[in-house]
Amino acid sequence: MQAIQILTTGSADVLTLRDIPTPTPGPGEALIRIEASGVNFIDTYFREGRYPAQLPYTLGQEAAGIIVAVASDVSTFKAGDRVAWCGIPGTYAQLAIASAARLVSIPEGISFQQAAGVLTQGITAHYLSHSTYPIQPGDEVLIHAGAGGTGLLLIQMAKARGARVFTTVSTEAKAELARAAGADEIILYTREDFAEKVKKLASGPGLPVVYDSVGKTTFEKSLTVLRPRGLMVLFGGASGAVPPFDLIRLSTMGSLFVTRPTMKDYIATRADLESRAKYIFDGISSDTLKLRLEYIYPLADAAHAHRDLESRKTTGKLLLIP
Ligand code: NDP
């Protein structure tokens with residue numbers, strides 16, 4: 001089968017289309033023929049070596065497809081079932097192995113592309129807005145990178161929970177998308193100081209929460225827009241990793257809280273995985289959650305997809321089709 005692997009870490013140039021043996025499911029696992037694989041920013045961290053991986057490594061952690069075979073001890077799924085999964089490496093490929101305990105059924109009416117396009121970013125947006133900081137009606141919240149895949153979904157969920165949403169984007173075109181998703185105040189952080197603007201627009205002495213996936217270039221200023229005892233949710237580092245930080249500074253800035261959440265801890269139980277997946281699939285079925293699938297590439301063009309994502313060219317979700 002064909003797969004996109006890295007033999008060494010580096011730029012998008014290291015992504016290589018290779019013929020590799022079809023894997024065999026072990027106990028508790030399924031073999032799935034992939035119809036669509038999601039491209040996520042985390043894939044670039046593995047490619048660069050920011051997150052360690054054993055080489056050669058098949059990139060990608062999210063896909064949707066049809067089960068080809070299951071191990072003899074798997075009774076929850078069978079060959080022919082339409083399934084999606086996330087957080088399991090090896091999805092930039094024609095076939096992949098996943099633990100049956102981590103698969104979700106794709107409801108009727110949801111396409112493979114929608115399922116692969118929404119799972120990681122939808123679950124992330126869900127746990128951020130419902131669990132990491134459960135947004136309350138009237139909360140003023142800041143969401144960075146509001147026109148990105150995760151950002152557009154998080155804006156919609158924050159609005160559904162009754163928030164007034166501030167968001168940052170780099171271009172006018174992205175501002176339009178963030179506005180269409182429901183954002184109330186859109187700040188072009190390439191042109192103006194986002195922290196000053198938020199402080200000017202906020203109705204109280206700072207915000208209860210900032211959702212920051214940009215990291216290096218936004219972290220410090222994001223802290224300054226929080227109210228006393230506010231929560232900084234650093235959930236990614238699209239601009240690079242945040243440098244070491246002296247925790248004593250949290251006390252002088254207003255007894256702030258900082259968390260660095262990751263999806264696996266919020267879908268650790270089957271109940272959590274199913275309830276978050278149900279929320280996003282129901283949202284798509286009822287058209288209350290809009291998914292932007294604009295960037296679709298053949299598997300062989302994975303490097304192109306990475307370059308587009310990293311150059312901030314894309315909005316919404318990127319998919320690879322094997
Ligand atoms: P996006 O579609 O949001 O793309 C990243 C966006 O970040 C860009 O479009 C860009 O928007 C913004 N950005 C700001 N600075 C830079 C920079 N220097 N280089 C590149 N982009 C920059 O990607 P995803 O939705 O896939 O992921 C968003 C973030 O969420 C990532 O940091 C990812 O790691 C994180 N994430 C975390 C998860 C978790 O559980 N912790 C799970 C899923 C995603 P603009 O042009 O408007 O600035």
# chains A, B, ... in the order shown; residues from 1 in each chain; ligands from 1
>>> residues_around(residues="Ser285 of chain A", least_positions_apart="5", cutoff="12 Å", atoms="only C-alpha atoms", output="NGL selection string")
:A and (106-111 or 114-115 or 278-280 or 290-291)
>>> residues_around(residues="Thr120 of chain A", least_positions_apart="2", cutoff="8 Å", atoms="only C-alpha atoms", output="VMD selection string")
chain A and resid 62 86 to 87 117 to 118 122 to 124
>>> residues_around(residues="Gly90 of chain A", least_positions_apart="6", cutoff="9 Å", atoms="only C-alpha atoms", output="tab-separated table (two decimals) with N, CA, C and O atoms, in the first residue's frame")
chain	number	residue	atom	x	y	z
A	3	ALA	N	1.89	5.05	1.32
A	3	ALA	CA	1.80	5.87	2.53
A	3	ALA	C	2.80	7.01	2.42
A	3	ALA	O	3.80	6.91	1.70
A	4	ILE	N	2.50	8.10	3.13
A	4	ILE	CA	3.45	9.21	3.21
A	4	ILE	C	4.25	9.03	4.49
A	4	ILE	O	3.69	9.06	5.59
A	5	GLN	N	5.55	8.84	4.33
A	5	GLN	CA	6.41	8.62	5.49
A	5	GLN	C	7.50	9.69	5.56
A	5	GLN	O	7.81	10.34	4.56
A	57	TYR	N	8.43	6.93	9.80
A	57	TYR	CA	7.18	7.21	10.50
A	57	TYR	C	6.11	7.61	9.49
A	57	TYR	O	6.35	8.48	8.65
A	58	THR	N	4.95	6.99	9.57
A	58	THR	CA	3.84	7.38	8.70
A	58	THR	C	3.08	8.50	9.38
A	58	THR	O	2.57	8.32	10.49
A	59	LEU	N	3.03	9.66	8.73
A	59	LEU	CA	2.39	10.82	9.34
A	59	LEU	C	0.86	10.69	9.35
A	59	LEU	O	0.30	9.82	8.70
A	60	GLY	N	0.23	11.62	10.06
A	60	GLY	CA	-1.24	11.67	10.07
A	60	GLY	C	-1.81	10.93	11.26
A	60	GLY	O	-1.32	9.86	11.65
A	61	GLN	N	-2.87	11.52	11.86
A	61	GLN	CA	-3.46	10.93	13.06
A	61	GLN	C	-4.97	10.95	13.02
A	61	GLN	O	-5.61	10.86	14.06
A	62	GLU	N	-5.54	11.12	11.83
A	62	GLU	CA	-7.00	11.28	11.79
A	62	GLU	C	-7.49	10.83	10.43
A	62	GLU	O	-6.91	11.19	9.40
A	96	ALA	N	-4.92	1.71	7.27
A	96	ALA	CA	-4.30	1.96	8.57
A	96	ALA	C	-4.90	1.03	9.61
A	96	ALA	O	-5.99	0.48	9.42
A	97	ILE	N	-4.17	0.92	10.69
A	97	ILE	CA	-4.62	0.13	11.84
A	97	ILE	C	-5.06	1.09	12.93
A	97	ILE	O	-4.40	2.10	13.17
A	98	ALA	N	-6.18	0.76	13.59
A	98	ALA	CA	-6.59	1.55	14.75
A	98	ALA	C	-7.22	0.62	15.77
A	98	ALA	O	-7.81	-0.41	15.41
>>> closest_residue(among="A:Thr150, A:Ser255, A:Thr288, A:Thr190", to="ligand 1", atoms="only C-alpha atoms and all ligand atoms")
A:Thr150
>>> residues_near_ligand(ligand="ligand 1", cutoff="6 Å", atoms="only C-alpha atoms and all ligand atoms", output="PyMOL selection string")
chain A and resi 40-42+120-121+124+145+147-151+169-170+213-214+235-239+261-263+309-312+314-316
>>> residues_around(residues="Ala71 of chain A", least_positions_apart="5", cutoff="7 Å", atoms="only C-alpha atoms", output="mmCIF file with all heavy atoms, in the first residue's frame")
data_model
loop_
_atom_site.group_PDB
_atom_site.id
_atom_site.type_symbol
_atom_site.label_atom_id
_atom_site.label_comp_id
_atom_site.auth_asym_id
_atom_site.auth_seq_id
_atom_site.Cartn_x
_atom_site.Cartn_y
_atom_site.Cartn_z
ATOM 1 N N PRO A 25 -4.046 -6.367 11.633
ATOM 2 C CA PRO A 25 -4.554 -5.966 12.946
ATOM 3 C C PRO A 25 -4.157 -6.941 14.058
ATOM 4 O O PRO A 25 -4.284 -8.154 13.889
ATOM 5 C CB PRO A 25 -6.079 -5.936 12.754
ATOM 6 C CG PRO A 25 -6.361 -6.654 11.489
ATOM 7 C CD PRO A 25 -5.109 -6.697 10.672
ATOM 8 N N GLY A 26 -3.668 -6.391 15.164
ATOM 9 C CA GLY A 26 -3.370 -7.201 16.351
ATOM 10 C C GLY A 26 -4.607 -7.252 17.235
ATOM 11 O O GLY A 26 -5.667 -6.725 16.858
ATOM 12 N N PRO A 27 -4.485 -7.848 18.413
ATOM 13 C CA PRO A 27 -5.641 -7.948 19.315
ATOM 14 C C PRO A 27 -6.280 -6.589 19.563
ATOM 15 O O PRO A 27 -5.592 -5.597 19.785
ATOM 16 C CB PRO A 27 -5.033 -8.501 20.612
ATOM 17 C CG PRO A 27 -3.786 -9.192 20.179
ATOM 18 C CD PRO A 27 -3.271 -8.468 18.972
ATOM 19 N N GLY A 28 -7.605 -6.544 19.467
ATOM 20 C CA GLY A 28 -8.345 -5.308 19.744
ATOM 21 C C GLY A 28 -8.327 -4.308 18.607
ATOM 22 O O GLY A 28 -8.876 -3.212 18.739
ATOM 23 N N GLU A 29 -7.720 -4.671 17.461
ATOM 24 C CA GLU A 29 -7.534 -3.679 16.402
ATOM 25 C C GLU A 29 -8.366 -3.980 15.145
ATOM 26 O O GLU A 29 -8.832 -5.102 14.933
ATOM 27 C CB GLU A 29 -6.055 -3.620 16.005
ATOM 28 C CG GLU A 29 -5.181 -3.030 17.109
ATOM 29 C CD GLU A 29 -3.716 -2.987 16.726
ATOM 30 O OE1 GLU A 29 -3.279 -3.755 15.837
ATOM 31 O OE2 GLU A 29 -2.988 -2.176 17.344
ATOM 32 N N ALA A 30 -8.474 -2.934 14.311
ATOM 33 C CA ALA A 30 -9.146 -3.064 13.012
ATOM 34 C C ALA A 30 -8.215 -2.556 11.918
ATOM 35 O O ALA A 30 -7.381 -1.663 12.158
ATOM 36 C CB ALA A 30 -10.430 -2.242 13.016
#
>>> closest_residue(among="A:Ile267, A:Leu231, A:Leu223, A:Leu250", to="Leu119 of chain A", atoms="only C-alpha atoms")
A:Ile267
>>> closest_atom_pairs(of="segment 102-203 of chain A", to="segment 226-230 of chain A", cutoff="10 Å", atoms="only C-alpha atoms", output="tab-separated table")
residue	atom	partner	partner_atom	distance
A:Val141	CA	A:Leu226	CA	9.3
A:Leu142	CA	A:Leu226	CA	9.4
A:Ala195	CA	A:Leu226	CA	9.8
A:Val198	CA	A:Leu226	CA	9.9
A:Lys199	CA	A:Leu226	CA	9.2
>>> residues_around(residues="Tyr133 of chain A", least_positions_apart="4", cutoff="8 Å", atoms="only C-alpha atoms", output="VMD selection string")
chain A and resid 128 to 129 209 231
>>> write_last_selection(atoms="N, CA and C atoms", output="PDB file, in the first residue's frame")
ATOM      1  N   LEU A 128     -12.365  22.189  24.682  1.00  0.00           N
ATOM      2  CA  LEU A 128     -11.884  23.508  25.133  1.00  0.00           C
ATOM      3  C   LEU A 128     -13.035  24.363  25.662  1.00  0.00           C
ATOM      4  N   SER A 129     -14.157  24.349  24.939  1.00  0.00           N
ATOM      5  CA  SER A 129     -15.271  25.241  25.294  1.00  0.00           C
ATOM      6  C   SER A 129     -16.216  24.657  26.344  1.00  0.00           C
ATOM      7  N   VAL A 209     -10.965  33.893  30.040  1.00  0.00           N
ATOM      8  CA  VAL A 209     -10.197  32.830  29.367  1.00  0.00           C
ATOM      9  C   VAL A 209      -9.653  33.320  28.019  1.00  0.00           C
ATOM     10  N   LEU A 231      -7.962  32.231  33.101  1.00  0.00           N
ATOM     11  CA  LEU A 231      -7.321  30.987  32.641  1.00  0.00           C
ATOM     12  C   LEU A 231      -6.723  31.144  31.247  1.00  0.00           C
TER      13      LEU A 231
END
>>> closest_residue(among="A:Leu177, A:Ala271, A:Leu17, A:Val104", to="Pro298 of chain A", atoms="only C-alpha atoms")
A:Leu17
>>> residues_around(residues="Ser222 of chain A", least_positions_apart="3", cutoff="9 Å", atoms="only C-alpha atoms", output="PyMOL selection string")
chain A and resi 142+194-195+210-212+218-219+225-226+232
>>> residues_around(residues="Ala12 of chain A", least_positions_apart="4", cutoff="9 Å", atoms="only C-alpha atoms", output="list in words")
Thr44, Arg47, Glu48, Ala302, Ala303, His304, Ala305, His306 and Arg307 of chain A
>>> write_last_selection(atoms="C-alpha atoms", output="mmCIF file, in the first residue's frame")
data_model
loop_
_atom_site.group_PDB
_atom_site.id
_atom_site.type_symbol
_atom_site.label_atom_id
_atom_site.label_comp_id
_atom_site.auth_asym_id
_atom_site.auth_seq_id
_atom_site.Cartn_x
_atom_site.Cartn_y
_atom_site.Cartn_z
ATOM 1 C CA THR A 44 3.980 19.389 11.123
ATOM 2 C CA ARG A 47 7.559 16.106 10.687
ATOM 3 C CA GLU A 48 9.883 18.749 12.127
ATOM 4 C CA ALA A 302 0.916 15.867 1.262
ATOM 5 C CA ALA A 303 3.971 18.150 1.088
ATOM 6 C CA HIS A 304 1.896 20.731 -0.760
ATOM 7 C CA ALA A 305 -0.742 20.551 1.978
ATOM 8 C CA HIS A 306 1.884 21.061 4.687
ATOM 9 C CA ARG A 307 3.380 24.058 2.884
#
